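In what follows, a single structure is set out as C-alpha cells and then discussed.
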Amino acid sequence: MVKQHGWYPYEFQSGTTVAVAGDDYVVVASDTRLTENYSIQSRTHSNVYKMHNNSLLLSTGFLGDVLTLKKTLDGRIKTYEYTHNKPISTPALAQMISIMMYGRRFFPYYTNTIITGLDTDGKGCVYGFDPVGSMTQQLYACEGSAMPLILPILDANILGKNTSKPGQVKRTKEETVKMIKDIYMAACERSVELGDAVVVHTLTKEKGIETDVHPLRKD
Amino acid sequence: RGVNTFSPEGRLFQVEYAIEAIKFGTTAIGIMTPEGVVLATEKRITSVLIEPRSIEKIVEVDAHCGCAMSGLIADAKTLIDKARVEAQNHWFTHNERMTIESITQSVSNMALAFSDDSDEVAPISRPFGVALLFAGWDENGPHLFHLDPSGTYTEYDAKAIGSGSEGADQTLQDVYHKSMKLSEACKHVLTILKQVMEEKLNATNVEMATVDAKGYRLFKKEEIDDIIKNM
C-alpha cells in the first residue's frame, strides 16, 4: 500500500498577476485574495513587491518561498549597489534572479515570478520565470491561479492573436490600466480563487509608481 | 613579529618592499582620451634568441577591458586571472559588462591577503610585486585605473609605471590635455617610451593596445611600425 505523505514542503496559495510593458511605462496588477484550498487566508494580500531599485516583483505560488525569494533579492540588490556604486538595472536583476533560482534546481522556489521595470533606455520591460529560473523577456505576462482564464484575453487584446483582426494594438498607460481592470472583473466571476480587489501599479520615469485599487466581488 | 603587522612607525614593510620591486620593472604607460584609452609597454628583450611574441605584458581582461603590467610579471598572472573570472562571473549573473572600477576593485581585494602565519587562512606568503594599469570602456565612457601592491587603486587621465615612470609621468603632465585624440595619444605613448627606454624603440620590442567603444584591441607589428614612421 502506498502511504500518503504526512508533510509536504510546498503549499499552493492562489494569486493572479499581470504585467504589461509599454514604450515608456510598465503596468502591473495583482488580485488581493490569498487562499489555501477552499479557505480564504487574506483578502488584502497583494502579490506585487516593490524592490529597492524601483523594479516591481510579481510572485505567486507558495508564499513562504515568495517572501524568502524577495528577501534574498533585497539583500543581493543592496550588495550590488554598494559594490558597484550604482542601482541594479532591471535586465541585470532579471539575469540574477534566473541564476539564483536555478541554484535551487533540486529544491526549487515554488514561485511563478515576473520582474518588471524600465530598462536602461527608459523602455518598459517584463521578464517571466518558471520555478527553476528559465527566463524570457516578454511584452506582457500573466501568472497564477486564474492565468488560464486571463492569458488568452491578453493574447487577443494586446497582440490580436486568434482573432479576426491580428496585429499589435498599442495602448496608452491609462488604456492599459482600464483593460486590466476589466479583465480582472470578468475573470473573477468564473474563479473562486480570484476576488476581493485588484491592485494596479503604473511605473513611469517621471512619476515613479502610481497605485490604484479597484474592488472585486468578495464571493 | 609577522609580515602583516605594523612597524613602530606605522609602516607595513612588506608592502613597501613590494612597491620597490616595481621600480625595476619595465615601463608601461596609459593615456585616457574621450575617444578611448591607449596602453603601451616596453618588452625589454635581453637576448636576440628570445622570441619577442612570447613576452606578453598587455593582456585582455574582457572584451571591453585590457591591462598592462610592470614588476614581477609572474605575479600578475594570478591577478589577471582573478580579474577575468570576476568579469565573467558578473556577466553570467547580471548579463552586463562589469565597470572598470568594479573589475579593479575586485582584484585589489587580493593585495593585502598575505600572511606568514600557518594558522591564518591566507593564500599567499607575500604581497604581489606588480603594478597594473586597467584600461577600459564601460557605460560611463573611458577609464584608466592604476593598482599597486598596497591594494590602493586610483583613476588617472594618464599614468606611467615601472623604471621609467618618474620621467614619463613628468612628460605626461606636460603633454596631456583633455581633448586629445586617440591617435595623438598613441603617438605620445611611443614617444615617451622612446625617451625612457634603454634600447632603441622598434615595433618588436614594444606592445600597444587600445580600448574604445568597440572594445579592446592589441596592435599588430605593422600598426606599431606605422605609428613609429610618423613620429
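Here, A, B, ... name the chains of the C-alpha cells in the order displayed, residue numbers run from 1 inside each chain, and ligands are numbered from 1 in the same displayed order.
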If the cut-off is 10 Å, can you tell me the residues of chain B near chain A, counting only C-alpha atoms? I'd like them as a JSON list (two decimals) with C-alpha atoms, in the first residue's frame.
```json
[["chain", "number", "residue", "atom", "x", "y", "z"],
["B", 90, "HIS", "CA", 29.42, 39.34, -13.35],
["B", 91, "TRP", "CA", 28.35, 38.82, -16.96],
["B", 92, "PHE", "CA", 26.96, 35.39, -16.08],
["B", 93, "THR", "CA", 24.94, 36.65, -13.15],
["B", 94, "HIS", "CA", 23.87, 40.04, -14.49],
["B", 95, "ASN", "CA", 24.13, 39.82, -18.29],
["B", 96, "GLU", "CA", 26.01, 43.13, -18.35],
["B", 97, "ARG", "CA", 29.62, 44.32, -18.59],
["B", 98, "MET", "CA", 31.36, 44.91, -15.28],
["B", 99, "THR", "CA", 32.51, 48.52, -14.86],
["B", 100, "ILE", "CA", 36.27, 49.10, -14.99],
["B", 101, "GLU", "CA", 36.29, 50.36, -11.42],
["B", 102, "SER", "CA", 34.49, 47.24, -10.22],
["B", 103, "ILE", "CA", 36.98, 44.99, -12.02],
["B", 105, "GLN", "CA", 38.30, 46.77, -7.04],
["B", 106, "SER", "CA", 37.73, 43.02, -7.21]]
```
Based on DSSP run over this structure's backbone, return all residues of stretch 6-139 of chain B in strand (DSSP E or B), as an mmCIF file with all heavy atoms, in the first residue's frame.
```cif
data_model
loop_
_atom_site.group_PDB
_atom_site.id
_atom_site.type_symbol
_atom_site.label_atom_id
_atom_site.label_comp_id
_atom_site.auth_asym_id
_atom_site.auth_seq_id
_atom_site.Cartn_x
_atom_site.Cartn_y
_atom_site.Cartn_z
ATOM 1 N N ALA B 28 55.536 50.950 -18.331
ATOM 2 C CA ALA B 28 54.234 50.834 -19.005
ATOM 3 C C ALA B 28 53.530 52.170 -18.874
ATOM 4 O O ALA B 28 53.608 52.819 -17.821
ATOM 5 C CB ALA B 28 53.390 49.737 -18.370
ATOM 6 N N ILE B 29 52.872 52.615 -19.950
ATOM 7 C CA ILE B 29 52.221 53.929 -19.948
ATOM 8 C C ILE B 29 50.779 53.793 -20.425
ATOM 9 O O ILE B 29 50.503 53.013 -21.350
ATOM 10 C CB ILE B 29 52.967 54.916 -20.879
ATOM 11 C CG1 ILE B 29 54.454 54.961 -20.533
ATOM 12 C CG2 ILE B 29 52.358 56.318 -20.788
ATOM 13 C CD1 ILE B 29 55.260 55.854 -21.443
ATOM 14 N N GLY B 30 49.879 54.540 -19.801
ATOM 15 C CA GLY B 30 48.488 54.564 -20.242
ATOM 16 C C GLY B 30 48.013 55.996 -20.355
ATOM 17 O O GLY B 30 48.349 56.833 -19.520
ATOM 18 N N ILE B 31 47.254 56.301 -21.424
ATOM 19 C CA ILE B 31 46.665 57.640 -21.581
ATOM 20 C C ILE B 31 45.191 57.474 -21.909
ATOM 21 O O ILE B 31 44.821 56.671 -22.786
ATOM 22 C CB ILE B 31 47.356 58.441 -22.709
ATOM 23 C CG1 ILE B 31 48.840 58.631 -22.406
ATOM 24 C CG2 ILE B 31 46.680 59.803 -22.886
ATOM 25 C CD1 ILE B 31 49.572 59.467 -23.457
ATOM 26 N N MET B 32 44.337 58.248 -21.231
ATOM 27 C CA MET B 32 42.902 58.193 -21.488
ATOM 28 C C MET B 32 42.483 59.420 -22.282
ATOM 29 O O MET B 32 42.862 60.539 -21.944
ATOM 30 C CB MET B 32 42.131 58.161 -20.166
ATOM 31 C CG MET B 32 40.647 58.019 -20.398
ATOM 32 S SD MET B 32 39.655 58.294 -18.971
ATOM 33 C CE MET B 32 39.933 59.994 -18.663
ATOM 34 N N THR B 33 41.714 59.188 -23.365
ATOM 35 C CA THR B 33 41.172 60.288 -24.157
ATOM 36 C C THR B 33 39.665 60.070 -24.263
ATOM 37 O O THR B 33 39.194 58.968 -24.025
ATOM 38 C CB THR B 33 41.772 60.302 -25.566
ATOM 39 O OG1 THR B 33 41.148 59.261 -26.336
ATOM 40 C CG2 THR B 33 43.266 60.098 -25.549
ATOM 41 N N GLY B 36 38.956 57.015 -26.280
ATOM 42 C CA GLY B 36 39.376 55.694 -25.825
ATOM 43 C C GLY B 36 40.668 55.784 -25.045
ATOM 44 O O GLY B 36 41.220 56.864 -24.829
ATOM 45 N N VAL B 37 41.172 54.616 -24.601
ATOM 46 C CA VAL B 37 42.375 54.586 -23.770
ATOM 47 C C VAL B 37 43.454 53.804 -24.506
ATOM 48 O O VAL B 37 43.157 52.791 -25.150
ATOM 49 C CB VAL B 37 42.086 53.880 -22.417
ATOM 50 C CG1 VAL B 37 43.201 54.112 -21.434
ATOM 51 C CG2 VAL B 37 40.774 54.364 -21.842
ATOM 52 N N VAL B 38 44.707 54.256 -24.421
ATOM 53 C CA VAL B 38 45.818 53.538 -25.048
ATOM 54 C C VAL B 38 46.779 53.064 -23.960
ATOM 55 O O VAL B 38 47.000 53.754 -22.956
ATOM 56 C CB VAL B 38 46.543 54.418 -26.087
ATOM 57 C CG1 VAL B 38 47.122 55.667 -25.445
ATOM 58 C CG2 VAL B 38 47.620 53.640 -26.802
ATOM 59 N N LEU B 39 47.317 51.846 -24.143
ATOM 60 C CA LEU B 39 48.337 51.296 -23.251
ATOM 61 C C LEU B 39 49.538 50.910 -24.088
ATOM 62 O O LEU B 39 49.375 50.411 -25.204
ATOM 63 C CB LEU B 39 47.827 50.014 -22.572
ATOM 64 C CG LEU B 39 46.697 50.116 -21.555
ATOM 65 C CD1 LEU B 39 46.214 48.719 -21.200
ATOM 66 C CD2 LEU B 39 47.158 50.824 -20.298
ATOM 67 N N ALA B 40 50.749 51.159 -23.547
ATOM 68 C CA ALA B 40 51.955 50.717 -24.239
ATOM 69 C C ALA B 40 52.965 50.266 -23.201
ATOM 70 O O ALA B 40 53.051 50.832 -22.106
ATOM 71 C CB ALA B 40 52.525 51.853 -25.087
ATOM 72 N N THR B 41 53.746 49.210 -23.534
ATOM 73 C CA THR B 41 54.784 48.746 -22.611
ATOM 74 C C THR B 41 56.047 48.460 -23.394
ATOM 75 O O THR B 41 56.001 48.131 -24.589
ATOM 76 C CB THR B 41 54.395 47.431 -21.908
ATOM 77 O OG1 THR B 41 54.154 46.440 -22.908
ATOM 78 C CG2 THR B 41 53.174 47.572 -21.038
ATOM 79 N N GLU B 42 57.222 48.567 -22.732
ATOM 80 C CA GLU B 42 58.462 48.096 -23.345
ATOM 81 C C GLU B 42 58.591 46.622 -23.003
ATOM 82 O O GLU B 42 58.199 46.186 -21.918
ATOM 83 C CB GLU B 42 59.671 48.887 -22.832
ATOM 84 C CG GLU B 42 59.923 48.793 -21.339
ATOM 85 C CD GLU B 42 61.340 49.174 -20.913
ATOM 86 O OE1 GLU B 42 62.324 48.699 -21.528
ATOM 87 O OE2 GLU B 42 61.455 49.932 -19.946
ATOM 88 N N ILE B 58 50.786 43.184 -21.987
ATOM 89 C CA ILE B 58 49.448 43.785 -22.075
ATOM 90 C C ILE B 58 48.506 42.642 -22.413
ATOM 91 O O ILE B 58 48.748 41.890 -23.371
ATOM 92 C CB ILE B 58 49.365 44.857 -23.176
ATOM 93 C CG1 ILE B 58 50.403 45.941 -22.940
ATOM 94 C CG2 ILE B 58 47.966 45.475 -23.192
ATOM 95 C CD1 ILE B 58 50.323 47.080 -23.945
ATOM 96 N N VAL B 59 47.476 42.471 -21.594
ATOM 97 C CA VAL B 59 46.561 41.351 -21.793
ATOM 98 C C VAL B 59 45.113 41.825 -21.790
ATOM 99 O O VAL B 59 44.803 42.896 -21.248
ATOM 100 C CB VAL B 59 46.741 40.275 -20.695
ATOM 101 C CG1 VAL B 59 48.104 39.633 -20.785
ATOM 102 C CG2 VAL B 59 46.505 40.858 -19.324
ATOM 103 N N GLU B 60 44.262 40.997 -22.372
ATOM 104 C CA GLU B 60 42.828 41.307 -22.371
ATOM 105 C C GLU B 60 42.204 40.735 -21.103
ATOM 106 O O GLU B 60 42.500 39.612 -20.710
ATOM 107 C CB GLU B 60 42.172 40.670 -23.605
ATOM 108 C CG GLU B 60 40.696 40.947 -23.698
ATOM 109 C CD GLU B 60 40.069 40.372 -24.961
ATOM 110 O OE1 GLU B 60 40.804 40.094 -25.930
ATOM 111 O OE2 GLU B 60 38.843 40.191 -24.966
ATOM 112 N N VAL B 61 41.364 41.532 -20.451
ATOM 113 C CA VAL B 61 40.657 41.058 -19.261
ATOM 114 C C VAL B 61 39.216 40.692 -19.639
ATOM 115 O O VAL B 61 38.647 39.734 -19.152
ATOM 116 C CB VAL B 61 40.695 42.146 -18.161
ATOM 117 C CG1 VAL B 61 39.679 41.877 -17.063
ATOM 118 C CG2 VAL B 61 42.091 42.246 -17.579
ATOM 119 N N ASP B 62 38.636 41.522 -20.512
ATOM 120 C CA ASP B 62 37.302 41.214 -21.061
ATOM 121 C C ASP B 62 37.234 41.968 -22.376
ATOM 122 O O ASP B 62 38.154 42.739 -22.686
ATOM 123 C CB ASP B 62 36.200 41.682 -20.090
ATOM 124 C CG ASP B 62 34.841 41.019 -20.377
ATOM 125 O OD1 ASP B 62 34.701 40.353 -21.424
ATOM 126 O OD2 ASP B 62 33.928 41.183 -19.559
ATOM 127 N N CYS B 65 37.945 45.586 -21.727
ATOM 128 C CA CYS B 65 38.949 45.968 -20.729
ATOM 129 C C CYS B 65 40.270 45.268 -20.986
ATOM 130 O O CYS B 65 40.312 44.056 -21.212
ATOM 131 C CB CYS B 65 38.443 45.602 -19.337
ATOM 132 S SG CYS B 65 39.578 46.017 -18.009
ATOM 133 N N GLY B 66 41.373 46.051 -20.929
ATOM 134 C CA GLY B 66 42.706 45.483 -21.064
ATOM 135 C C GLY B 66 43.551 45.889 -19.873
ATOM 136 O O GLY B 66 43.182 46.767 -19.103
ATOM 137 N N CYS B 67 44.749 45.253 -19.722
ATOM 138 C CA CYS B 67 45.567 45.527 -18.556
ATOM 139 C C CYS B 67 47.043 45.467 -18.921
ATOM 140 O O CYS B 67 47.477 44.535 -19.606
ATOM 141 C CB CYS B 67 45.256 44.490 -17.478
ATOM 142 S SG CYS B 67 46.166 44.738 -15.981
ATOM 143 N N ALA B 68 47.823 46.474 -18.482
ATOM 144 C CA ALA B 68 49.267 46.477 -18.673
ATOM 145 C C ALA B 68 49.905 46.279 -17.315
ATOM 146 O O ALA B 68 49.392 46.733 -16.290
ATOM 147 C CB ALA B 68 49.724 47.801 -19.285
ATOM 148 N N MET B 69 51.084 45.625 -17.294
ATOM 149 C CA MET B 69 51.703 45.293 -16.018
ATOM 150 C C MET B 69 53.162 45.698 -15.981
ATOM 151 O O MET B 69 53.821 45.787 -17.013
ATOM 152 C CB MET B 69 51.590 43.791 -15.763
ATOM 153 C CG MET B 69 52.180 42.960 -16.875
ATOM 154 S SD MET B 69 51.735 41.230 -16.760
ATOM 155 C CE MET B 69 50.120 41.236 -17.473
ATOM 156 N N SER B 70 53.673 45.905 -14.740
ATOM 157 C CA SER B 70 55.081 46.222 -14.551
ATOM 158 C C SER B 70 55.515 45.671 -13.207
ATOM 159 O O SER B 70 54.838 45.848 -12.205
ATOM 160 C CB SER B 70 55.299 47.735 -14.603
ATOM 161 O OG SER B 70 56.634 48.038 -14.285
ATOM 162 N N GLY B 71 56.688 44.988 -13.195
ATOM 163 C CA GLY B 71 57.188 44.424 -11.958
ATOM 164 C C GLY B 71 57.430 42.942 -12.119
ATOM 165 O O GLY B 71 57.952 42.491 -13.142
ATOM 166 N N PHE B 114 47.826 38.424 2.468
ATOM 167 C CA PHE B 114 49.034 37.617 2.608
ATOM 168 C C PHE B 114 49.352 37.444 4.085
ATOM 169 O O PHE B 114 48.967 38.279 4.919
ATOM 170 C CB PHE B 114 50.204 38.258 1.858
ATOM 171 C CG PHE B 114 50.656 39.578 2.418
ATOM 172 C CD1 PHE B 114 51.656 39.641 3.395
ATOM 173 C CD2 PHE B 114 50.087 40.763 1.980
ATOM 174 C CE1 PHE B 114 52.057 40.854 3.917
ATOM 175 C CE2 PHE B 114 50.493 41.988 2.498
ATOM 176 C CZ PHE B 114 51.491 42.035 3.473
ATOM 177 N N ILE B 124 48.545 33.528 0.177
ATOM 178 C CA ILE B 124 49.925 33.794 -0.263
ATOM 179 C C ILE B 124 50.772 34.298 0.901
ATOM 180 O O ILE B 124 50.282 34.848 1.869
ATOM 181 C CB ILE B 124 49.957 34.817 -1.417
ATOM 182 C CG1 ILE B 124 49.077 36.028 -1.101
ATOM 183 C CG2 ILE B 124 49.506 34.169 -2.701
ATOM 184 C CD1 ILE B 124 49.235 37.150 -2.082
ATOM 185 N N VAL B 130 53.743 43.579 -8.301
ATOM 186 C CA VAL B 130 53.435 44.063 -9.649
ATOM 187 C C VAL B 130 52.406 45.175 -9.555
ATOM 188 O O VAL B 130 51.520 45.144 -8.689
ATOM 189 C CB VAL B 130 52.942 42.890 -10.535
ATOM 190 C CG1 VAL B 130 51.643 42.327 -10.007
ATOM 191 C CG2 VAL B 130 52.829 43.301 -11.970
ATOM 192 N N ALA B 131 52.572 46.186 -10.423
ATOM 193 C CA ALA B 131 51.573 47.248 -10.533
ATOM 194 C C ALA B 131 50.826 47.046 -11.841
ATOM 195 O O ALA B 131 51.413 46.587 -12.825
ATOM 196 C CB ALA B 131 52.253 48.621 -10.522
ATOM 197 N N LEU B 132 49.536 47.370 -11.831
ATOM 198 C CA LEU B 132 48.705 47.145 -13.015
ATOM 199 C C LEU B 132 48.039 48.435 -13.460
ATOM 200 O O LEU B 132 47.694 49.291 -12.635
ATOM 201 C CB LEU B 132 47.610 46.113 -12.705
ATOM 202 C CG LEU B 132 48.063 44.714 -12.296
ATOM 203 C CD1 LEU B 132 46.869 43.873 -11.890
ATOM 204 C CD2 LEU B 132 48.790 44.039 -13.437
ATOM 205 N N LEU B 133 47.887 48.583 -14.781
ATOM 206 C CA LEU B 133 47.096 49.680 -15.347
ATOM 207 C C LEU B 133 45.905 49.045 -16.049
ATOM 208 O O LEU B 133 46.075 48.338 -17.041
ATOM 209 C CB LEU B 133 47.920 50.484 -16.364
ATOM 210 C CG LEU B 133 49.009 51.390 -15.829
ATOM 211 C CD1 LEU B 133 49.787 52.002 -16.989
ATOM 212 C CD2 LEU B 133 48.430 52.507 -14.975
ATOM 213 N N PHE B 134 44.707 49.253 -15.521
ATOM 214 C CA PHE B 134 43.494 48.733 -16.151
ATOM 215 C C PHE B 134 42.921 49.816 -17.065
ATOM 216 O O PHE B 134 42.648 50.932 -16.618
ATOM 217 C CB PHE B 134 42.443 48.364 -15.101
ATOM 218 C CG PHE B 134 42.732 47.071 -14.398
ATOM 219 C CD1 PHE B 134 43.407 47.052 -13.198
ATOM 220 C CD2 PHE B 134 42.336 45.863 -14.958
ATOM 221 C CE1 PHE B 134 43.687 45.852 -12.552
ATOM 222 C CE2 PHE B 134 42.603 44.664 -14.318
ATOM 223 C CZ PHE B 134 43.283 44.658 -13.120
ATOM 224 N N ALA B 135 42.756 49.474 -18.341
ATOM 225 C CA ALA B 135 42.185 50.426 -19.298
ATOM 226 C C ALA B 135 40.906 49.825 -19.842
ATOM 227 O O ALA B 135 40.883 48.646 -20.208
ATOM 228 C CB ALA B 135 43.174 50.653 -20.440
ATOM 229 N N GLY B 136 39.835 50.615 -19.892
ATOM 230 C CA GLY B 136 38.598 50.037 -20.387
ATOM 231 C C GLY B 136 37.571 51.068 -20.765
ATOM 232 O O GLY B 136 37.747 52.272 -20.536
ATOM 233 N N TRP B 137 36.498 50.558 -21.347
ATOM 234 C CA TRP B 137 35.374 51.411 -21.774
ATOM 235 C C TRP B 137 34.111 50.797 -21.215
ATOM 236 O O TRP B 137 33.762 49.682 -21.559
ATOM 237 C CB TRP B 137 35.306 51.454 -23.297
ATOM 238 C CG TRP B 137 34.272 52.417 -23.803
ATOM 239 C CD1 TRP B 137 32.917 52.251 -23.786
ATOM 240 C CD2 TRP B 137 34.502 53.703 -24.381
ATOM 241 N NE1 TRP B 137 32.301 53.355 -24.327
ATOM 242 C CE2 TRP B 137 33.234 54.255 -24.704
ATOM 243 C CE3 TRP B 137 35.642 54.442 -24.671
ATOM 244 C CZ2 TRP B 137 33.088 55.514 -25.293
ATOM 245 C CZ3 TRP B 137 35.492 55.691 -25.268
ATOM 246 C CH2 TRP B 137 34.232 56.213 -25.567
ATOM 247 N N ASP B 138 33.415 51.506 -20.294
ATOM 248 C CA ASP B 138 32.153 50.985 -19.768
ATOM 249 C C ASP B 138 31.041 52.006 -20.001
ATOM 250 O O ASP B 138 31.214 52.951 -20.761
ATOM 251 C CB ASP B 138 32.305 50.576 -18.292
ATOM 252 C CG ASP B 138 32.681 51.741 -17.391
ATOM 253 O OD1 ASP B 138 32.333 52.905 -17.706
ATOM 254 O OD2 ASP B 138 33.334 51.492 -16.360
#
```
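Every protein, DNA or RNA residue with an atom at most 8 Å from stretch 227-231 of chain B, where only C-alpha atoms count and chain neighbours fewer than 5 positions away do not, is listed here: Cys186, Lys187, Leu190, Thr191, Asn202 and Ala203 of chain B.
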Selection above as a file: N, CA, C and O atoms, as a PDB file, in the first residue's frame:
```pdb
ATOM      1  N   CYS B 186      48.306  57.761 -29.020  1.00  0.00           N
ATOM      2  CA  CYS B 186      49.134  56.622 -29.427  1.00  0.00           C
ATOM      3  C   CYS B 186      50.553  57.087 -29.757  1.00  0.00           C
ATOM      4  O   CYS B 186      51.536  56.429 -29.403  1.00  0.00           O
ATOM      5  N   LYS B 187      50.640  58.230 -30.434  1.00  0.00           N
ATOM      6  CA  LYS B 187      51.973  58.758 -30.766  1.00  0.00           C
ATOM      7  C   LYS B 187      52.710  59.159 -29.491  1.00  0.00           C
ATOM      8  O   LYS B 187      53.905  58.897 -29.329  1.00  0.00           O
ATOM      9  N   LEU B 190      54.303  56.248 -27.434  1.00  0.00           N
ATOM     10  CA  LEU B 190      55.528  55.700 -28.027  1.00  0.00           C
ATOM     11  C   LEU B 190      56.678  56.690 -27.919  1.00  0.00           C
ATOM     12  O   LEU B 190      57.832  56.304 -27.674  1.00  0.00           O
ATOM     13  N   THR B 191      56.364  57.976 -28.089  1.00  0.00           N
ATOM     14  CA  THR B 191      57.426  58.990 -27.963  1.00  0.00           C
ATOM     15  C   THR B 191      58.022  58.963 -26.557  1.00  0.00           C
ATOM     16  O   THR B 191      59.247  58.991 -26.384  1.00  0.00           O
ATOM     17  N   ASN B 202      61.538  49.878 -31.384  1.00  0.00           N
ATOM     18  CA  ASN B 202      61.045  49.430 -32.689  1.00  0.00           C
ATOM     19  C   ASN B 202      59.768  48.636 -32.469  1.00  0.00           C
ATOM     20  O   ASN B 202      59.362  48.407 -31.317  1.00  0.00           O
ATOM     21  N   ALA B 203      59.153  48.171 -33.562  1.00  0.00           N
ATOM     22  CA  ALA B 203      57.817  47.555 -33.440  1.00  0.00           C
ATOM     23  C   ALA B 203      57.839  46.218 -32.727  1.00  0.00           C
ATOM     24  O   ALA B 203      56.794  45.723 -32.318  1.00  0.00           O
TER      25      ALA B 203
END
```
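Candidate residues A:Val177, A:Val66, A:Val169, A:Leu194 were compared for distance to A:Ser14, and the nearest is A:Leu194, using only C-alpha atoms.
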Could you pull out the alpha helix (DSSP H) residues of stretch 15-209 of chain A from DSSP and send them as a count of residues only?
66
Find the residues near A:Gly61: any atom within 10 Å, counting only C-alpha atoms, skip ones fewer than 3 places away on the same chain, and give them as an NGL selection string.
:A and (10-16 or 47 or 64-66 or 109-113 or 131 or 143-145)
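Atom to atom, atom CA of A:Ile209 and atom CA of A:Val20 stand 14.3 Å apart.
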When distances are computed from only C-alpha atoms, which of A:Val28, A:Met179, A:Val192, A:Val198 shows the smallest separation from A:Leu57?
A:Val28
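As for atom CA of B:Ile19 and atom CA of B:Ala209, they are spaced 24.9 Å apart.
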